[in-house]
Amino acid sequence: MAFSFGLGLRTQHYNDFLDAPQPVDWLEVISDNYMVDGGKPLAILDRIRSDYPVAMHGVSMSIGAIGGLDASYLHKLKALEQRIEPMWVSDHLCWTGVHGRNMHDLLPLPFTVEALQIVRRNIDQAQESLQRPLVLENVSSYVEFKTSEMTEWEFLAELCQATGCQLLLDINNIYVSAFNHGFAPSRFIEGVPADSVIQFHLAGHQNNGDHLIDTHDHPVCDGVWDLYRQALKHFGFIPTMIERDDNIPSLAELLSELDTARAIANSVLNQAVAI
Ligand SMILES: [Fe+2]
């Protein structure tokens with residue numbers, strides 16, 4: 001699936017995809033919105049899936065949960081996976097709640113050996129259920145733990161090596177976290193195992209001057225496009241998509257933004273070939 005470009009499927013664009021073919025190679029869906037027994041969204045997803053490859057992207061697995069993963073969540077996720085037959089199944093390197101309570105937020109983890117063991121055990125549980133590699137995405141963060149014993153990219157590299165999980169690199173999240181915590185984003189890109197990266201996310205954020213918030217309500221900014229160029233040079237071509245979750249524009253506007261990603265990727269490829 002190299003050189004392919006997708007979009008996150010949002011309800012505002014259901015009819016665009018149902019009414020006519022659209023110039024995307026695949027779509028990513030939020031798994032949690034379709035982990036149900038029936039209803040209109042699932043029926044629409046079935047129709048769209050007959051026309052497009054689909055990636056499943058979850059927001060509530062809570063892979064950092066100290067008490068292990070929720071078996072009923074995994075059961076529903078597996079049922080959707082069998083129904084949709086996705087390209088891959090991803091979620092985030094984070095925790096989302098405790099004692100069965102979902103905070104509906106992607107909360108950061110301390111990057112400690114202890115946390116590594118917990119996440120590793122949980123990835124094993126997820127992969128045992130899914131019978132395929134889990135794909136983990138780096139989240140944006142606004143605080144760091146003093147107890148961390150390694151960087152986020154070292155933590156991810158250890159997980160890939162120990163479990164065979166794969167990576168969804170969110171270029172915007174690297175940009176946001178690098179700004180907020182004062183590290184060079186190139187260290188993140190160069191620090192994760194290149195052969196484990198199978199997808200890129202691009203998104204917009206909110207600039208509050210002394211910190212950035214990962215809002216997904218703006219177009220991709222110039223700094224993130226520059227980091228995308230760096231990532232392409234380092235990893236080669238990785239399936240890329242744009243995420244927009246708020247202030248959602250027309251599909252035409254998002255497709256135009258995706259054309260910018262295509263142009264950048266083609267430019268980087270041609271330079272690489274010329275060299
Ligand atoms: Fe993302």
# chains A, B, ... in the order shown; residues from 1 in each chain; ligands from 1
>>> residues_around(residues="Ile84 (chain A)", least_positions_apart="3", cutoff="10 Å", atoms="only C-alpha atoms", output="JSON list (two decimals) with N, CA, C and O atoms, in the first residue's frame")
[["chain", "number", "residue", "atom", "x", "y", "z"],
["A", 42, "LEU", "N", -23.20, 1.53, 10.96],
["A", 42, "LEU", "CA", -22.55, 0.26, 10.57],
["A", 42, "LEU", "C", -22.98, -0.14, 9.15],
["A", 42, "LEU", "O", -22.16, -0.63, 8.36],
["A", 45, "LEU", "N", -21.02, 1.96, 6.83],
["A", 45, "LEU", "CA", -19.63, 1.48, 6.77],
["A", 45, "LEU", "C", -19.53, 0.24, 5.87],
["A", 45, "LEU", "O", -18.59, 0.11, 5.07],
["A", 46, "ASP", "N", -20.49, -0.66, 5.98],
["A", 46, "ASP", "CA", -20.49, -1.85, 5.12],
["A", 46, "ASP", "C", -20.49, -1.45, 3.64],
["A", 46, "ASP", "O", -19.78, -2.03, 2.83],
["A", 49, "ARG", "N", -17.17, 0.18, 2.77],
["A", 49, "ARG", "CA", -16.10, -0.83, 2.76],
["A", 49, "ARG", "C", -16.09, -1.62, 1.45],
["A", 49, "ARG", "O", -15.03, -2.11, 1.03],
["A", 50, "SER", "N", -17.25, -1.74, 0.80],
["A", 50, "SER", "CA", -17.28, -2.48, -0.47],
["A", 50, "SER", "C", -16.58, -1.70, -1.58],
["A", 50, "SER", "O", -16.24, -2.26, -2.62],
["A", 53, "PRO", "N", -10.61, 0.19, 0.67],
["A", 53, "PRO", "CA", -9.94, -0.44, 1.82],
["A", 53, "PRO", "C", -10.12, 0.46, 3.04],
["A", 53, "PRO", "O", -10.20, 1.69, 2.90],
["A", 54, "VAL", "N", -10.17, -0.15, 4.20],
["A", 54, "VAL", "CA", -10.42, 0.61, 5.43],
["A", 54, "VAL", "C", -9.38, 0.23, 6.49],
["A", 54, "VAL", "O", -9.04, -0.94, 6.65],
["A", 55, "ALA", "N", -8.89, 1.24, 7.21],
["A", 55, "ALA", "CA", -8.06, 1.02, 8.39],
["A", 55, "ALA", "C", -8.91, 1.30, 9.62],
["A", 55, "ALA", "O", -9.68, 2.25, 9.62],
["A", 56, "MET", "N", -8.79, 0.46, 10.63],
["A", 56, "MET", "CA", -9.53, 0.67, 11.88],
["A", 56, "MET", "C", -8.64, 1.39, 12.89],
["A", 56, "MET", "O", -7.50, 0.97, 13.14],
["A", 78, "LYS", "N", -12.72, -7.18, 17.95],
["A", 78, "LYS", "CA", -12.46, -8.35, 17.09],
["A", 78, "LYS", "C", -13.64, -8.60, 16.15],
["A", 78, "LYS", "O", -13.45, -8.93, 14.98],
["A", 79, "ALA", "N", -14.86, -8.45, 16.68],
["A", 79, "ALA", "CA", -16.05, -8.65, 15.84],
["A", 79, "ALA", "C", -16.06, -7.66, 14.67],
["A", 79, "ALA", "O", -16.36, -8.02, 13.53],
["A", 80, "LEU", "N", -15.70, -6.41, 14.95],
["A", 80, "LEU", "CA", -15.66, -5.40, 13.88],
["A", 80, "LEU", "C", -14.53, -5.73, 12.91],
["A", 80, "LEU", "O", -14.69, -5.60, 11.68],
["A", 81, "GLU", "N", -13.42, -6.17, 13.45],
["A", 81, "GLU", "CA", -12.27, -6.52, 12.59],
["A", 81, "GLU", "C", -12.65, -7.65, 11.63],
["A", 81, "GLU", "O", -12.29, -7.61, 10.45],
["A", 87, "MET", "N", -7.20, -3.03, 6.73],
["A", 87, "MET", "CA", -5.79, -3.11, 6.38],
["A", 87, "MET", "C", -4.97, -3.35, 7.64],
["A", 87, "MET", "O", -4.01, -4.09, 7.63]]
>>> select_by_dssp(residues="region 175-254 of chain A", states="alpha helix (DSSP H)", output="number ranges by chain")
A: 175-181, 185-191, 222-235, 251-254
>>> write_last_selection(atoms="N, CA, C and O atoms", output="short mmCIF file (atom, residue, chain, number, x, y, z; two decimals), in the first residue's frame")
data_model
loop_
_atom_site.label_atom_id
_atom_site.label_comp_id
_atom_site.auth_asym_id
_atom_site.auth_seq_id
_atom_site.Cartn_x
_atom_site.Cartn_y
_atom_site.Cartn_z
N TYR A 175 5.27 16.97 16.19
CA TYR A 175 5.52 18.42 16.14
C TYR A 175 5.04 19.11 17.41
O TYR A 175 5.75 19.91 18.02
N VAL A 176 3.81 18.76 17.81
CA VAL A 176 3.20 19.38 19.00
C VAL A 176 4.00 19.03 20.26
O VAL A 176 4.35 19.90 21.07
N SER A 177 4.30 17.74 20.45
CA SER A 177 5.03 17.33 21.66
C SER A 177 6.44 17.90 21.67
O SER A 177 6.95 18.30 22.72
N ALA A 178 7.08 17.95 20.49
CA ALA A 178 8.44 18.49 20.41
C ALA A 178 8.44 19.96 20.83
O ALA A 178 9.31 20.40 21.59
N PHE A 179 7.45 20.71 20.36
CA PHE A 179 7.34 22.12 20.74
C PHE A 179 7.08 22.26 22.24
O PHE A 179 7.74 23.03 22.94
N ASN A 180 6.12 21.48 22.74
CA ASN A 180 5.71 21.62 24.14
C ASN A 180 6.82 21.20 25.11
O ASN A 180 6.92 21.73 26.22
N HIS A 181 7.63 20.22 24.71
CA HIS A 181 8.63 19.68 25.64
C HIS A 181 10.07 20.08 25.26
O HIS A 181 11.01 19.72 25.97
N PRO A 185 12.24 17.44 16.82
CA PRO A 185 11.38 16.38 16.27
C PRO A 185 12.16 15.34 15.46
O PRO A 185 11.74 14.19 15.36
N SER A 186 13.30 15.75 14.91
CA SER A 186 14.10 14.78 14.14
C SER A 186 14.60 13.64 15.03
O SER A 186 14.78 12.52 14.57
N ARG A 187 14.77 13.91 16.34
CA ARG A 187 15.22 12.84 17.25
C ARG A 187 14.16 11.75 17.34
O ARG A 187 14.48 10.55 17.41
N PHE A 188 12.88 12.16 17.32
CA PHE A 188 11.78 11.19 17.38
C PHE A 188 11.79 10.35 16.10
O PHE A 188 11.76 9.11 16.14
N ILE A 189 11.86 11.06 14.97
CA ILE A 189 11.79 10.37 13.67
C ILE A 189 12.96 9.38 13.52
O ILE A 189 12.77 8.25 13.06
N GLU A 190 14.12 9.81 13.94
CA GLU A 190 15.29 8.94 13.79
C GLU A 190 15.36 7.87 14.88
O GLU A 190 16.10 6.89 14.75
N GLY A 191 14.55 8.02 15.93
CA GLY A 191 14.65 7.11 17.06
C GLY A 191 13.74 5.90 17.02
O GLY A 191 13.93 4.96 17.80
N ASP A 222 2.50 24.92 8.08
CA ASP A 222 3.75 24.79 7.32
C ASP A 222 4.80 23.98 8.07
O ASP A 222 5.54 23.20 7.47
N GLY A 223 4.88 24.17 9.39
CA GLY A 223 5.88 23.43 10.17
C GLY A 223 5.65 21.92 10.11
O GLY A 223 6.61 21.14 10.07
N VAL A 224 4.38 21.51 10.12
CA VAL A 224 4.08 20.07 10.04
C VAL A 224 4.34 19.55 8.63
O VAL A 224 4.84 18.43 8.46
N TRP A 225 4.05 20.36 7.62
CA TRP A 225 4.41 19.94 6.25
C TRP A 225 5.93 19.75 6.14
O TRP A 225 6.39 18.80 5.50
N ASP A 226 6.70 20.66 6.74
CA ASP A 226 8.16 20.50 6.70
C ASP A 226 8.60 19.21 7.40
O ASP A 226 9.49 18.51 6.93
N LEU A 227 7.95 18.92 8.53
CA LEU A 227 8.30 17.69 9.25
C LEU A 227 7.88 16.45 8.44
O LEU A 227 8.56 15.42 8.48
N TYR A 228 6.77 16.57 7.70
CA TYR A 228 6.35 15.47 6.81
C TYR A 228 7.44 15.21 5.76
O TYR A 228 7.76 14.06 5.48
N ARG A 229 8.00 16.30 5.21
CA ARG A 229 9.10 16.13 4.25
C ARG A 229 10.26 15.38 4.88
O ARG A 229 10.82 14.45 4.29
N GLN A 230 10.61 15.78 6.10
CA GLN A 230 11.71 15.10 6.80
C GLN A 230 11.40 13.62 7.01
O GLN A 230 12.26 12.76 6.84
N ALA A 231 10.16 13.34 7.40
CA ALA A 231 9.76 11.96 7.67
C ALA A 231 9.82 11.12 6.39
O ALA A 231 10.28 9.97 6.41
N LEU A 232 9.37 11.70 5.27
CA LEU A 232 9.41 10.97 4.00
C LEU A 232 10.86 10.68 3.59
O LEU A 232 11.16 9.59 3.10
N LYS A 233 11.74 11.66 3.81
CA LYS A 233 13.14 11.44 3.46
C LYS A 233 13.73 10.31 4.31
O LYS A 233 14.54 9.53 3.84
N HIS A 234 13.31 10.25 5.56
CA HIS A 234 13.88 9.25 6.46
C HIS A 234 13.28 7.85 6.25
O HIS A 234 14.00 6.87 6.19
N PHE A 235 11.94 7.79 6.16
CA PHE A 235 11.27 6.49 6.12
C PHE A 235 10.99 6.00 4.70
O PHE A 235 10.65 4.83 4.50
N LEU A 251 -15.68 18.01 1.91
CA LEU A 251 -14.76 16.97 1.46
C LEU A 251 -13.80 17.55 0.42
O LEU A 251 -12.62 17.21 0.40
N ALA A 252 -14.32 18.44 -0.44
CA ALA A 252 -13.46 19.03 -1.48
C ALA A 252 -12.26 19.73 -0.86
O ALA A 252 -11.13 19.64 -1.37
N GLU A 253 -12.49 20.43 0.24
CA GLU A 253 -11.39 21.14 0.90
C GLU A 253 -10.36 20.16 1.46
O GLU A 253 -9.15 20.36 1.34
N LEU A 254 -10.84 19.08 2.06
CA LEU A 254 -9.91 18.08 2.60
C LEU A 254 -9.15 17.37 1.47
O LEU A 254 -7.96 17.07 1.61
#
>>> closest_residue(among="A:Gly64, A:Gly209, A:Gly236, A:Gly8", to="ligand 1", atoms="only C-alpha atoms and all ligand atoms")
A:Gly8
>>> residues_near_ligand(ligand="ligand 1", cutoff="7 Å", atoms="only C-alpha atoms and all ligand atoms", output="list in words")
Glu137, Asp170, Asn173, His201, Leu202 and Glu243 of chain A
>>> closest_residue(among="A:Tyr52, A:Trp88, A:Phe183, A:Tyr34", to="Thr11 (chain A)", atoms="only C-alpha atoms")
A:Tyr34
>>> residues_around(residues="Met103 (chain A)", least_positions_apart="5", cutoff="12 Å", atoms="only C-alpha atoms", output="PyMOL selection string")
chain A and resi 59-62+94-98
>>> write_last_selection(atoms="all heavy atoms", output="short mmCIF file (atom, residue, chain, number, x, y, z; two decimals), in the first residue's frame")
data_model
loop_
_atom_site.label_atom_id
_atom_site.label_comp_id
_atom_site.auth_asym_id
_atom_site.auth_seq_id
_atom_site.Cartn_x
_atom_site.Cartn_y
_atom_site.Cartn_z
N VAL A 59 -9.87 4.52 19.88
CA VAL A 59 -9.51 5.58 20.83
C VAL A 59 -9.72 5.18 22.29
O VAL A 59 -9.52 6.01 23.18
CB VAL A 59 -10.32 6.88 20.54
CG1 VAL A 59 -9.93 7.48 19.21
CG2 VAL A 59 -11.82 6.62 20.58
N SER A 60 -10.10 3.93 22.53
CA SER A 60 -10.42 3.57 23.92
C SER A 60 -9.83 2.24 24.38
O SER A 60 -10.29 1.68 25.37
CB SER A 60 -11.95 3.50 24.10
OG SER A 60 -12.53 4.74 23.84
N MET A 61 -8.81 1.73 23.69
CA MET A 61 -8.24 0.46 24.14
C MET A 61 -7.53 0.64 25.48
O MET A 61 -7.50 -0.26 26.30
CB MET A 61 -7.27 -0.10 23.10
CG MET A 61 -6.75 -1.47 23.45
SD MET A 61 -5.63 -2.15 22.21
CE MET A 61 -6.78 -2.63 20.94
N SER A 62 -6.94 1.82 25.69
CA SER A 62 -6.21 2.12 26.93
C SER A 62 -5.08 1.12 27.14
O SER A 62 -5.02 0.41 28.14
CB SER A 62 -7.17 2.14 28.13
OG SER A 62 -6.59 2.84 29.20
N CYS A 94 -1.27 5.28 25.13
CA CYS A 94 -1.81 6.18 26.16
C CYS A 94 -2.64 5.34 27.13
O CYS A 94 -2.73 4.13 27.00
CB CYS A 94 -2.73 7.23 25.52
SG CYS A 94 -4.27 6.53 24.87
N TRP A 95 -3.23 6.01 28.11
CA TRP A 95 -4.29 5.39 28.90
C TRP A 95 -5.49 6.32 28.84
O TRP A 95 -5.34 7.54 28.64
CB TRP A 95 -3.84 5.07 30.32
CG TRP A 95 -3.42 6.24 31.14
CD1 TRP A 95 -2.26 6.97 30.99
CD2 TRP A 95 -4.12 6.85 32.22
NE1 TRP A 95 -2.20 7.97 31.92
CE2 TRP A 95 -3.34 7.92 32.70
CE3 TRP A 95 -5.34 6.58 32.85
CZ2 TRP A 95 -3.73 8.73 33.76
CZ3 TRP A 95 -5.74 7.38 33.91
CH2 TRP A 95 -4.93 8.44 34.35
N THR A 96 -6.68 5.75 28.93
CA THR A 96 -7.88 6.57 28.73
C THR A 96 -8.83 6.53 29.93
O THR A 96 -9.90 7.14 29.89
CB THR A 96 -8.66 6.11 27.48
OG1 THR A 96 -9.05 4.75 27.67
CG2 THR A 96 -7.83 6.23 26.23
N GLY A 97 -8.46 5.82 30.99
CA GLY A 97 -9.35 5.79 32.15
C GLY A 97 -8.86 4.80 33.18
O GLY A 97 -7.80 4.19 33.01
N VAL A 98 -9.66 4.65 34.22
CA VAL A 98 -9.28 3.74 35.31
C VAL A 98 -10.56 3.23 35.95
O VAL A 98 -11.60 3.90 35.92
CB VAL A 98 -8.36 4.48 36.32
CG1 VAL A 98 -9.11 5.56 37.08
CG2 VAL A 98 -7.68 3.52 37.27
#
>>> residues_around(residues="Asn138 (chain A)", least_positions_apart="3", cutoff="10 Å", atoms="only C-alpha atoms", output="JSON, numbers by chain")
{"A": [91, 92, 93, 94, 106, 108, 141, 152, 153, 156, 167, 168, 169, 170, 171, 172, 173, 174, 177]}
>>> residues_around(residues="Asp32 (chain A)", least_positions_apart="3", cutoff="9 Å", atoms="only C-alpha atoms", output="VMD selection string")
chain A and resid 29 35 to 36 57 to 60 77
>>> closest_residue(among="A:Gln22, A:Thr215, A:Gln117, A:Thr163", to="Asp51 (chain A)", atoms="only C-alpha atoms")
A:Gln22
